[in-house]
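Containing mmCIF, C-alpha atoms: entry.cif.
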```cif
data_protein
loop_
_atom_site.group_PDB
_atom_site.id
_atom_site.type_symbol
_atom_site.label_atom_id
_atom_site.label_comp_id
_atom_site.auth_asym_id
_atom_site.auth_seq_id
_atom_site.Cartn_x
_atom_site.Cartn_y
_atom_site.Cartn_z
ATOM 1 C CA MET A 16 29.493 138.063 50.238
ATOM 2 C CA ASP A 17 28.367 138.164 53.894
ATOM 3 C CA VAL A 18 26.643 141.334 55.088
ATOM 4 C CA ASP A 19 25.753 141.954 58.735
ATOM 5 C CA THR A 20 21.970 142.221 59.046
ATOM 6 C CA ARG A 21 22.477 145.159 61.399
ATOM 7 C CA LEU A 22 24.007 147.135 58.536
ATOM 8 C CA LEU A 23 21.040 146.293 56.352
ATOM 9 C CA ARG A 24 18.650 147.429 59.108
ATOM 10 C CA TYR A 25 20.568 150.689 59.513
ATOM 11 C CA PHE A 26 20.368 151.240 55.767
ATOM 12 C CA ALA A 27 16.624 150.556 55.674
ATOM 13 C CA THR A 28 16.029 152.976 58.560
ATOM 14 C CA VAL A 29 17.933 155.773 56.824
ATOM 15 C CA VAL A 30 15.884 155.173 53.669
ATOM 16 C CA GLU A 31 12.645 155.318 55.672
ATOM 17 C CA GLU A 32 13.604 158.481 57.538
ATOM 18 C CA GLY A 33 15.436 160.197 54.672
ATOM 19 C CA ASN A 34 17.563 161.899 57.299
ATOM 20 C CA LEU A 35 20.604 160.732 59.285
ATOM 21 C CA THR A 36 19.694 162.602 62.449
ATOM 22 C CA ARG A 37 16.208 161.117 62.686
ATOM 23 C CA ALA A 38 17.456 157.650 61.747
ATOM 24 C CA ALA A 39 20.212 157.815 64.376
ATOM 25 C CA ALA A 40 17.710 158.839 67.064
ATOM 26 C CA ARG A 41 15.397 155.988 66.101
ATOM 27 C CA LEU A 42 18.274 153.493 66.249
ATOM 28 C CA TYR A 43 19.727 154.910 69.481
ATOM 29 C CA LEU A 44 23.022 155.640 67.760
ATOM 30 C CA SER A 45 25.046 158.809 67.451
ATOM 31 C CA GLN A 46 24.970 160.373 63.998
ATOM 32 C CA PRO A 47 28.735 159.838 63.447
ATOM 33 C CA ALA A 48 28.364 156.160 64.411
ATOM 34 C CA LEU A 49 25.489 155.671 61.971
ATOM 35 C CA THR A 50 27.403 157.460 59.207
ATOM 36 C CA LYS A 51 30.337 155.110 59.805
ATOM 37 C CA GLN A 52 28.102 152.042 59.540
ATOM 38 C CA ILE A 53 26.484 153.235 56.295
ATOM 39 C CA ARG A 54 29.925 153.877 54.783
ATOM 40 C CA ARG A 55 30.973 150.407 55.931
ATOM 41 C CA LEU A 56 28.027 148.871 54.059
ATOM 42 C CA GLU A 57 28.851 150.903 50.942
ATOM 43 C CA ALA A 58 32.465 149.724 51.130
ATOM 44 C CA GLN A 59 31.379 146.092 51.416
ATOM 45 C CA LEU A 60 29.040 146.378 48.438
ATOM 46 C CA GLY A 61 31.360 148.577 46.413
ATOM 47 C CA VAL A 62 28.603 151.101 45.580
ATOM 48 C CA ASP A 63 27.323 154.478 46.754
ATOM 49 C CA LEU A 64 23.922 153.991 48.353
ATOM 50 C CA PHE A 65 22.999 157.606 49.073
ATOM 51 C CA ILE A 66 23.314 161.096 47.672
ATOM 52 C CA ARG A 67 24.055 163.273 50.672
ATOM 53 C CA SER A 68 22.834 166.856 50.829
ATOM 54 C CA ARG A 69 21.584 169.420 53.320
ATOM 55 C CA ALA A 70 18.068 168.292 52.488
ATOM 56 C CA GLY A 71 18.807 164.751 53.686
ATOM 57 C CA MET A 72 19.782 161.346 52.343
ATOM 58 C CA THR A 73 18.415 160.343 48.934
ATOM 59 C CA PRO A 74 19.016 156.783 47.726
ATOM 60 C CA THR A 75 21.051 156.382 44.542
ATOM 61 C CA GLU A 76 19.827 154.011 41.858
ATOM 62 C CA ALA A 77 21.804 151.258 43.581
ATOM 63 C CA GLY A 78 20.330 152.311 46.927
ATOM 64 C CA GLU A 79 16.797 152.111 45.556
ATOM 65 C CA ALA A 80 17.507 148.646 44.190
ATOM 66 C CA LEU A 81 18.763 147.464 47.584
ATOM 67 C CA ALA A 82 15.872 149.115 49.413
ATOM 68 C CA ALA A 83 13.391 147.203 47.229
ATOM 69 C CA HIS A 84 14.719 143.910 48.644
ATOM 70 C CA ALA A 85 16.014 144.863 52.104
ATOM 71 C CA GLY A 86 12.602 144.634 53.775
ATOM 72 C CA ALA A 87 11.975 141.102 52.523
ATOM 73 C CA VAL A 88 15.453 139.980 53.614
ATOM 74 C CA LEU A 89 15.026 141.425 57.105
ATOM 75 C CA THR A 90 11.542 139.947 57.458
ATOM 76 C CA ALA A 91 12.757 136.509 56.391
ATOM 77 C CA TRP A 92 15.628 136.680 58.861
ATOM 78 C CA GLU A 93 13.315 137.785 61.688
ATOM 79 C CA ASN A 94 10.946 134.910 60.910
ATOM 80 C CA ALA A 95 13.857 132.463 60.977
ATOM 81 C CA LEU A 96 14.974 133.795 64.358
ATOM 82 C CA ARG A 97 11.415 133.640 65.673
ATOM 83 C CA VAL A 98 11.008 129.977 64.712
ATOM 84 C CA THR A 99 14.455 129.073 66.069
ATOM 85 C CA ARG A 100 13.900 130.770 69.415
ATOM 86 C CA ALA A 101 10.453 129.252 69.788
ATOM 87 C CA ALA A 102 11.832 125.779 69.081
ATOM 88 C CA THR A 103 14.539 126.300 71.697
ATOM 89 C CA ALA A 104 11.982 127.404 74.287
ATOM 90 C CA ARG A 105 9.726 124.419 73.570
ATOM 91 C CA ALA A 106 12.660 122.018 73.915
ATOM 92 C CA ALA A 107 13.415 123.556 77.319
ATOM 93 C CA ARG A 108 9.705 123.362 78.271
ATOM 94 C CA ALA A 109 9.709 127.098 78.863
ATOM 95 C CA LEU A 110 6.971 129.557 77.887
ATOM 96 C CA ARG A 111 8.260 133.079 77.190
ATOM 97 C CA VAL A 112 5.678 135.639 78.334
ATOM 98 C CA GLY A 113 6.232 139.274 77.465
ATOM 99 C CA PHE A 114 4.785 142.128 79.487
ATOM 100 C CA VAL A 115 4.971 145.867 79.945
ATOM 101 C CA ALA A 116 5.045 147.347 83.466
ATOM 102 C CA SER A 117 2.469 145.595 85.710
ATOM 103 C CA ALA A 118 1.420 142.815 83.276
ATOM 104 C CA ALA A 119 -2.039 141.608 84.407
ATOM 105 C CA ASN A 120 -1.793 143.301 87.809
ATOM 106 C CA GLU A 121 -2.592 141.044 90.785
ATOM 107 C CA HIS A 122 -3.827 138.372 88.377
ATOM 108 C CA THR A 123 -0.341 137.674 87.022
ATOM 109 C CA GLN A 124 0.886 135.215 89.640
ATOM 110 C CA LEU A 125 -2.481 133.448 89.669
ATOM 111 C CA ILE A 126 -2.255 132.990 85.894
ATOM 112 C CA ILE A 127 1.249 131.544 86.199
ATOM 113 C CA ALA A 128 0.116 129.143 88.934
ATOM 114 C CA ASP A 129 -2.879 128.025 86.881
ATOM 115 C CA PHE A 130 -0.644 127.424 83.853
ATOM 116 C CA ALA A 131 1.713 125.299 85.998
ATOM 117 C CA ARG A 132 -1.243 123.063 86.887
ATOM 118 C CA ARG A 133 -2.250 122.750 83.249
ATOM 119 C CA ARG A 134 1.307 122.091 81.994
ATOM 120 C CA PRO A 135 3.267 120.173 84.667
ATOM 121 C CA GLY A 136 7.007 120.386 84.129
ATOM 122 C CA TRP A 137 6.806 123.671 82.233
ATOM 123 C CA ARG A 138 8.011 126.998 83.552
ATOM 124 C CA VAL A 139 7.085 130.557 82.681
ATOM 125 C CA GLN A 140 9.787 133.078 81.783
ATOM 126 C CA MET A 141 8.416 136.600 82.327
ATOM 127 C CA ARG A 142 10.182 139.089 80.050
ATOM 128 C CA GLN A 143 9.650 142.805 80.546
ATOM 129 C CA THR A 144 10.423 145.223 77.727
ATOM 130 C CA GLU A 145 11.004 148.943 77.604
ATOM 131 C CA TRP A 146 8.232 151.165 76.306
ATOM 132 C CA THR A 147 9.822 151.408 72.868
ATOM 133 C CA ASP A 148 8.077 148.076 72.208
ATOM 134 C CA PRO A 149 4.490 148.011 73.527
ATOM 135 C CA THR A 150 4.112 144.496 72.035
ATOM 136 C CA ALA A 151 6.556 143.297 74.734
ATOM 137 C CA GLY A 152 8.638 141.286 72.275
ATOM 138 C CA LEU A 153 5.709 139.683 70.460
ATOM 139 C CA ALA A 154 6.365 141.569 67.220
ATOM 140 C CA THR A 155 10.020 140.498 67.152
ATOM 141 C CA GLY A 156 9.393 136.881 68.153
ATOM 142 C CA ASP A 157 11.294 137.256 71.430
ATOM 143 C CA VAL A 158 8.278 135.910 73.349
ATOM 144 C CA ASP A 159 5.580 133.298 72.688
ATOM 145 C CA VAL A 160 2.666 135.205 74.200
ATOM 146 C CA ALA A 161 2.252 138.575 75.914
ATOM 147 C CA LEU A 162 0.158 140.425 78.470
ATOM 148 C CA LEU A 163 -0.342 143.862 76.957
ATOM 149 C CA ARG A 164 -1.989 147.217 77.468
ATOM 150 C CA LEU A 165 -4.011 148.071 74.386
ATOM 151 C CA PRO A 166 -3.751 149.504 71.838
ATOM 152 C CA VAL A 167 -0.430 148.309 70.437
ATOM 153 C CA PRO A 168 1.206 148.833 67.021
ATOM 154 C CA ALA A 169 0.204 146.308 64.336
ATOM 155 C CA GLN A 170 -2.442 144.919 66.675
ATOM 156 C CA GLY A 171 -4.201 143.274 63.730
ATOM 157 C CA ASP A 172 -1.202 140.965 63.267
ATOM 158 C CA PHE A 173 -1.969 139.177 66.540
ATOM 159 C CA ASP A 174 -4.802 137.235 68.115
ATOM 160 C CA VAL A 175 -5.843 139.568 70.932
ATOM 161 C CA GLU A 176 -8.292 138.794 73.733
ATOM 162 C CA VAL A 177 -9.231 141.483 76.242
ATOM 163 C CA LEU A 178 -9.123 140.157 79.807
ATOM 164 C CA LEU A 179 -9.679 143.166 82.048
ATOM 165 C CA THR A 180 -10.399 146.854 82.083
ATOM 166 C CA GLU A 181 -9.553 149.470 84.682
ATOM 167 C CA PRO A 182 -9.821 153.254 84.855
ATOM 168 C CA ARG A 183 -7.008 155.506 83.789
ATOM 169 C CA TRP A 184 -5.827 157.778 86.595
ATOM 170 C CA ILE A 185 -3.442 160.733 86.551
ATOM 171 C CA ALA A 186 -0.005 160.745 88.201
ATOM 172 C CA LEU A 187 1.108 164.139 89.525
ATOM 173 C CA PRO A 188 4.065 165.556 91.456
ATOM 174 C CA ALA A 189 3.105 165.761 95.128
ATOM 175 C CA GLY A 190 3.339 169.558 95.011
ATOM 176 C CA HIS A 191 1.116 169.967 91.960
ATOM 177 C CA ARG A 192 -1.731 172.508 92.144
ATOM 178 C CA LEU A 193 -4.315 169.710 91.649
ATOM 179 C CA ALA A 194 -2.706 167.150 93.955
ATOM 180 C CA GLY A 195 -5.219 167.851 96.718
ATOM 181 C CA ASP A 196 -8.277 167.212 94.544
ATOM 182 C CA ASP A 197 -10.154 163.945 95.048
ATOM 183 C CA ARG A 198 -10.984 163.679 91.349
ATOM 184 C CA ILE A 199 -9.613 165.623 88.372
ATOM 185 C CA ARG A 200 -11.239 166.514 85.059
ATOM 186 C CA PHE A 201 -9.002 165.710 82.119
ATOM 187 C CA ARG A 202 -9.848 169.041 80.518
ATOM 188 C CA ASP A 203 -8.125 170.745 83.471
ATOM 189 C CA LEU A 204 -4.893 169.051 82.364
ATOM 190 C CA TYR A 205 -4.923 170.066 78.687
ATOM 191 C CA ASP A 206 -2.214 172.705 79.156
ATOM 192 C CA GLU A 207 -0.005 170.606 81.442
ATOM 193 C CA PRO A 208 3.273 169.128 80.168
ATOM 194 C CA PHE A 209 2.995 165.337 79.919
ATOM 195 C CA VAL A 210 5.585 162.601 80.324
ATOM 196 C CA ALA A 211 5.391 160.575 77.100
ATOM 197 C CA THR A 212 6.599 157.181 75.992
ATOM 198 C CA PRO A 213 9.110 157.136 73.078
ATOM 199 C CA ALA A 214 7.894 158.071 69.611
ATOM 200 C CA GLU A 215 8.580 154.500 68.447
ATOM 201 C CA SER A 216 5.684 153.268 70.567
ATOM 202 C CA GLY A 217 3.314 154.861 68.035
ATOM 203 C CA GLU A 218 -0.391 154.678 68.820
ATOM 204 C CA TRP A 219 0.396 153.372 72.321
ATOM 205 C CA ARG A 220 2.083 156.708 73.036
ATOM 206 C CA ASP A 221 -0.905 158.588 71.606
ATOM 207 C CA TYR A 222 -3.291 156.593 73.773
ATOM 208 C CA TRP A 223 -1.458 157.415 77.006
ATOM 209 C CA LEU A 224 -1.403 161.073 75.965
ATOM 210 C CA ALA A 225 -5.150 160.772 75.197
ATOM 211 C CA THR A 226 -4.646 162.626 71.921
ATOM 212 C CA ASP A 227 -8.142 161.643 70.741
ATOM 213 C CA GLU A 228 -9.800 162.946 73.905
ATOM 214 C CA ARG A 229 -8.333 166.448 74.076
ATOM 215 C CA GLU A 230 -11.011 168.228 72.044
ATOM 216 C CA GLY A 231 -8.376 169.500 69.646
ATOM 217 C CA HIS A 232 -5.986 170.811 72.297
ATOM 218 C CA PRO A 233 -2.331 170.072 71.419
ATOM 219 C CA VAL A 234 -0.120 167.919 73.629
ATOM 220 C CA ARG A 235 2.796 169.450 75.519
ATOM 221 C CA ILE A 236 5.648 166.968 76.033
ATOM 222 C CA GLY A 237 7.674 167.686 79.147
ATOM 223 C CA ALA A 238 9.807 164.524 79.130
ATOM 224 C CA VAL A 239 10.128 161.122 77.463
ATOM 225 C CA ALA A 240 10.413 157.923 79.510
ATOM 226 C CA HIS A 241 11.481 154.462 78.357
ATOM 227 C CA HIS A 242 10.588 152.490 81.512
ATOM 228 C CA PRO A 243 8.789 152.920 84.854
ATOM 229 C CA ASP A 244 11.780 154.230 86.841
ATOM 230 C CA GLU A 245 12.474 156.939 84.275
ATOM 231 C CA TRP A 246 8.756 157.769 84.210
ATOM 232 C CA LEU A 247 8.462 158.033 87.989
ATOM 233 C CA ASN A 248 11.519 160.272 88.273
ATOM 234 C CA ALA A 249 10.293 162.597 85.525
ATOM 235 C CA ILE A 250 6.957 163.088 87.306
ATOM 236 C CA ALA A 251 8.536 163.475 90.748
ATOM 237 C CA HIS A 252 10.912 166.142 89.381
ATOM 238 C CA GLY A 253 8.015 168.141 87.998
ATOM 239 C CA GLN A 254 8.772 167.552 84.309
ATOM 240 C CA GLY A 255 5.194 166.531 83.588
ATOM 241 C CA VAL A 256 2.084 164.618 84.587
ATOM 242 C CA SER A 257 0.923 161.340 83.082
ATOM 243 C CA LEU A 258 -2.109 159.162 82.578
ATOM 244 C CA THR A 259 -1.604 155.704 84.023
ATOM 245 C CA PRO A 260 -3.657 152.616 84.955
ATOM 246 C CA GLU A 261 -5.337 152.710 88.357
ATOM 247 C CA ALA A 262 -3.139 149.772 89.420
ATOM 248 C CA THR A 263 -0.043 151.976 89.244
ATOM 249 C CA ALA A 264 -1.169 153.642 92.467
ATOM 250 C CA ARG A 265 -0.787 150.247 94.162
ATOM 251 C CA PHE A 266 2.415 149.048 92.516
ATOM 252 C CA TYR A 267 4.447 152.269 92.345
ATOM 253 C CA GLN A 268 3.831 154.218 95.547
ATOM 254 C CA ARG A 269 6.191 157.119 96.256
ATOM 255 C CA PRO A 270 5.918 160.034 98.703
ATOM 256 C CA ASP A 271 6.731 162.565 95.966
ATOM 257 C CA ILE A 272 3.991 161.361 93.567
ATOM 258 C CA VAL A 273 0.219 161.288 93.981
ATOM 259 C CA TYR A 274 -2.351 159.405 91.905
ATOM 260 C CA ARG A 275 -5.874 160.666 91.375
ATOM 261 C CA PRO A 276 -8.941 159.423 89.452
ATOM 262 C CA VAL A 277 -9.467 161.409 86.257
ATOM 263 C CA THR A 278 -12.709 161.909 84.354
ATOM 264 C CA GLY A 279 -13.113 162.414 80.634
ATOM 265 C CA VAL A 280 -10.861 159.583 79.403
ATOM 266 C CA SER A 281 -11.620 155.999 78.421
ATOM 267 C CA PRO A 282 -10.431 153.056 80.561
ATOM 268 C CA SER A 283 -7.320 150.970 80.018
ATOM 269 C CA ARG A 284 -7.629 147.413 78.653
ATOM 270 C CA ILE A 285 -5.371 144.489 79.519
ATOM 271 C CA ALA A 286 -5.188 141.730 76.914
ATOM 272 C CA VAL A 287 -3.446 138.473 76.208
ATOM 273 C CA ALA A 288 -1.957 138.434 72.710
ATOM 274 C CA ARG A 289 -0.318 135.751 70.602
ATOM 275 C CA PRO A 290 0.918 135.364 67.016
ATOM 276 C CA ARG A 291 -1.788 134.280 64.589
ATOM 277 C CA THR A 292 0.391 131.369 63.427
ATOM 278 C CA PRO A 293 1.737 128.855 64.162
ATOM 279 C CA ARG A 294 -0.557 127.519 66.882
ATOM 280 C CA ASP A 295 1.148 126.226 70.020
ATOM 281 C CA ASP A 296 -0.298 123.946 72.719
ATOM 282 C CA ALA A 297 1.589 125.673 75.535
ATOM 283 C CA VAL A 298 0.368 129.084 74.428
ATOM 284 C CA ASP A 299 -3.175 127.687 74.206
ATOM 285 C CA ALA A 300 -2.867 126.532 77.824
ATOM 286 C CA PHE A 301 -1.616 129.938 78.946
ATOM 287 C CA VAL A 302 -4.518 131.708 77.234
ATOM 288 C CA ARG A 303 -6.952 129.327 78.940
ATOM 289 C CA SER A 304 -5.309 130.173 82.264
ATOM 290 C CA CYS A 305 -5.749 133.873 81.564
ATOM 291 C CA ARG A 306 -9.442 133.339 80.868
ATOM 292 C CA ALA A 307 -9.975 131.207 83.961
ATOM 293 C CA VAL A 308 -8.224 133.556 86.372
ATOM 294 C CA CYS A 309 -9.704 136.754 84.954
ATOM 295 C CA ALA A 310 -13.226 135.383 84.450
ATOM 296 C CA ASP A 311 -14.690 137.043 87.557
ATOM 297 C CA GLY A 312 -12.337 140.049 87.680
ATOM 298 C CA SER A 313 -12.406 139.793 91.465
ATOM 299 C CA PRO A 314 -8.858 140.507 92.764
ATOM 300 C CA ALA A 315 -8.042 143.814 94.444
ATOM 301 C CA GLY A 316 -8.601 146.975 92.520
ATOM 302 C CA GLY A 317 -12.185 146.504 91.384
ATOM 303 C CA LEU A 318 -11.245 145.316 87.903
ATOM 304 C CA THR A 319 -14.033 144.205 85.575
ATOM 305 C CA MET A 320 -14.235 142.115 82.479
ATOM 306 C CA ASP A 321 -14.559 143.937 79.148
ATOM 307 C CA ARG A 322 -17.577 142.139 77.650
#
```

Can you present the structure in this file as C-alpha cells?
Amino acid sequence: MDVDTRLLRYFATVVEEGNLTRAAARLYLSQPALTKQIRRLEAQLGVDLFIRSRAGMTPTEAGEALAAHAGAVLTAWENALRVTRAATARAARALRVGFVASAANEHTQLIIADFARRRPGWRVQMRQTEWTDPTAGLATGDVDVALLRLPVPAQGDFDVEVLLTEPRWIALPAGHRLAGDDRIRFRDLYDEPFVATPAESGEWRDYWLATDEREGHPVRIGAVAHHPDEWLNAIAHGQGVSLTPEATARFYQRPDIVYRPVTGVSPSRIAVARPRTPRDDAVDAFVRSCRAVCADGSPAGGLTMDR
C-alpha cells in the first residue's frame, strides 16, 4: 500500500496539536481541507485514527500505533531527500546557501566572490526562506549551508560559527510618538504592540520580541509577518513596532518607517551554519570564505566580530 507522505505529516501534526484548528493553522490549511485529508488517510488504511469530540482529536488505539512509527518514517524520508538533493547539487557544481532577510549584510557578495576564487567552476545559489523557517532550509535539507540570525530552533543540531554582531534597533511608523527621539529605551516600548514572526519560528520569534529582556512585562502582538514586505507594511500601517538588526535601516528604507537605536537589548548575531554530518568540501570552502571576509568586520555599518 502506497501512502502519500503529506498525509502522514498531516496526521502527525494533528496528533501533536490534539486539535484540528491548531493543526490546520500550523499547516496553512483550512480546517475542512485538513479534515478531508485525515479522512482520506483513514480510508486508505481502513481504520479510524481519531476519536473526535469537542475537546479535540484523541488518537484511537490504531492511531497511537501509527503515531509511534510516523516520526521515524518521516525522518527517514527527509534524510533520503536531503542526501538526494545534496548529490544533485554537487553534480551540478552548485552550492545551495540559505538565508533569511539580509544574509550577512554587505559581506554577502564578498563571501560569494571569495568562494568563487576558492572553488573555480562552482556557483552559489542563494535561497531565501520565509520567517516560518529561521534555519533557512538547513533543517529540511533544502540547502547545504546557511547564513543565519541566531538563535534558531534546534541550533544544537548544526555546526554554528558566529561571524558578526550588530546592535538591534527599533523600527517605528514615521508618525509614532517616539519617532523623533535619537535613541529609545526598550522599557519605553514594553506596552507597544509588536509585529511578530510566525509562532512556528519558536525561539527566533521570542528573541525578536525580546521576551527575556522585558522584566516580566507581557508581549502585545499587533500583527504577524512571514517575510520582509509583510513586516514593513505592518509597521508602516501602525499595526506595531519591531526590533530589527541595525542593517535593516540601510537595506529597507521607506519614508513611512523610521529606525532608531534602542538600549536595553542584546545585539544580533550573524552566523554560518552547516549540518554536523556529512562533511562536504564545498561547504568547507564556503565557511573558510565567511571567516576570511568577516575577519576584520570592516564593511559599512560598524560591524564587529563576536569573539

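When you apply the PyMOL selection byres ((chain A and resi 219) around 9) to this structure, what comes back is Pro149, Arg164, Leu165, Pro166, Val167, Pro168, Thr212, Ser216, Gly217, Glu218, Arg220, Asp221, Tyr222, Trp223 and Leu224 of chain A.
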
Which residue is closest to Ala109 (chain A)? Choose from A:His84, A:Leu60, A:Val160, A:Val177 and count only C-alpha atoms.
A:Val160

Could you give me, as CSV, every region 62-147 of chain A residue with an atom at most 10 Å from region 273-290 of chain A, plus its closest atom pair and distance in Å to one decimal, counting all atoms listed in the file, rows ordered by chain then number?
```
residue,atom,partner,partner_atom,distance
A:Val112,CA,A:Arg289,CA,9.8
A:Gly113,CA,A:Ala288,CA,9.5
A:Phe114,CA,A:Val287,CA,9.6
A:Ala118,CA,A:Ile285,CA,7.9
A:Ala119,CA,A:Ile285,CA,6.6
A:Asn120,CA,A:Ile285,CA,9.1
```

Any idea what's packed within 12 Å of Ile199 (chain A), counting only C-alpha atoms, ignoring anything in its chain fewer than 2 positions away? Could you give it as a ChimeraX atom specification?
/A:183-187,192-197,201-205,258,274-280

Extract, using all atoms listed in the file, all DNA, RNA and protein residues at most 8 Å from region 51-53 of chain A, discarding same-chain residues fewer than 6 positions from it, and format them as a ChimeraX atom specification.
/A:22,25-26

Expected file contents, prior selection, C-alpha atoms, as a PDB file, in the frame of the given file:
```pdb
ATOM      1  CA  LEU A  22      24.007 147.135  58.536  1.00  0.00           C
ATOM      2  CA  TYR A  25      20.568 150.689  59.513  1.00  0.00           C
ATOM      3  CA  PHE A  26      20.368 151.240  55.767  1.00  0.00           C
TER       4      PHE A  26
END
```

Enumerate, as JSON, numbers by chain, the protein, DNA and RNA residues whose atoms approach (9.7, 156.0, 82.7) to within 12 Å, taking into account only C-alpha atoms and the coordinate frame of the file.
{"A": [115, 116, 144, 145, 146, 147, 209, 210, 211, 212, 213, 238, 239, 240, 241, 242, 243, 244, 245, 246, 247, 248, 249, 250, 251, 254, 255, 256, 257, 259, 267]}

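Picture a line from CA of Ala77 (chain A) to CA of Leu56 (chain A); it runs 12.4 Å.
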
Point out the residue among A:Val30, A:Ala39, A:Cys305, A:Ala214 with the least atom-to-atom distance to Leu178 (chain A), counting all atoms listed in the file.
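Once distances to Leu178 (chain A) are computed over all atoms listed in the file, the minimum belongs to A:Cys305.
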
Using all atoms listed in the file, find the one residue out of A:Gly190, A:Phe301, A:Ser68, A:Gln268 that sits nearest to His252 (chain A).
A:Gly190

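Using all atoms listed in the file, the smallest distance between any of A:Pro293, A:Ala58, A:Val29, A:Thr263 and Gln46 (chain A) comes from A:Val29.
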
Give as an MDAnalysis selection string the residues that the PyMOL selection byres ((chain A and resi 234) around 9) matches when applied to the coordinates above.
chainID A and resid 205:209 224:226 229 232:233 235:236

Return the single residue from A:Ala128, A:Cys309, A:Val18, A:Val139 that is closest to Thr180 (chain A), with distances computed using all atoms listed in the file.
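Checking each of A:Ala128, A:Cys309, A:Val18, A:Val139 against Thr180 (chain A), counting all atoms listed in the file, the winner is A:Cys309.
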
Grab the CA of Ala297 (chain A) to CA of Ile126 (chain A) distance for me, in Å with one decimal place.
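Those two atoms sit 13.3 Å apart.
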
Nearest to Thr36 (chain A), chosen from A:Arg138, A:Arg69, A:Arg306, A:Arg294, with all atoms listed in the file counted in the distances
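Going through A:Arg138, A:Arg69, A:Arg306, A:Arg294 one by one, the smallest distance to Thr36 (chain A) is for A:Arg69.
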
Report the centre and edge lengths, in Å to one decimal, of an axis-aligned box enclosing every atom of region 193-205 of chain A listed in the file, padded by 6 Å on each side, as AutoDock Vina command-line options.
```
--center_x -7.0 --center_y 167.2 --center_z 87.7 --size_x 20.5 --size_y 19.1 --size_z 30.0
```

Can you work out the spacing between CA of Leu64 (chain A) and CA of Asp148 (chain A) in Å, to one decimal?
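Answer for the CA of Leu64 (chain A) to CA of Asp148 (chain A) separation: 29.2 Å.
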
Starting from the shown file, work through the PyMOL selection byres ((chain A and resi 173) around 8) and note down what comes out as a list in words.
Ala169, Gln170, Gly171, Asp172, Asp174, Val175, Ala288, Arg289, Pro290 and Arg291 of chain A
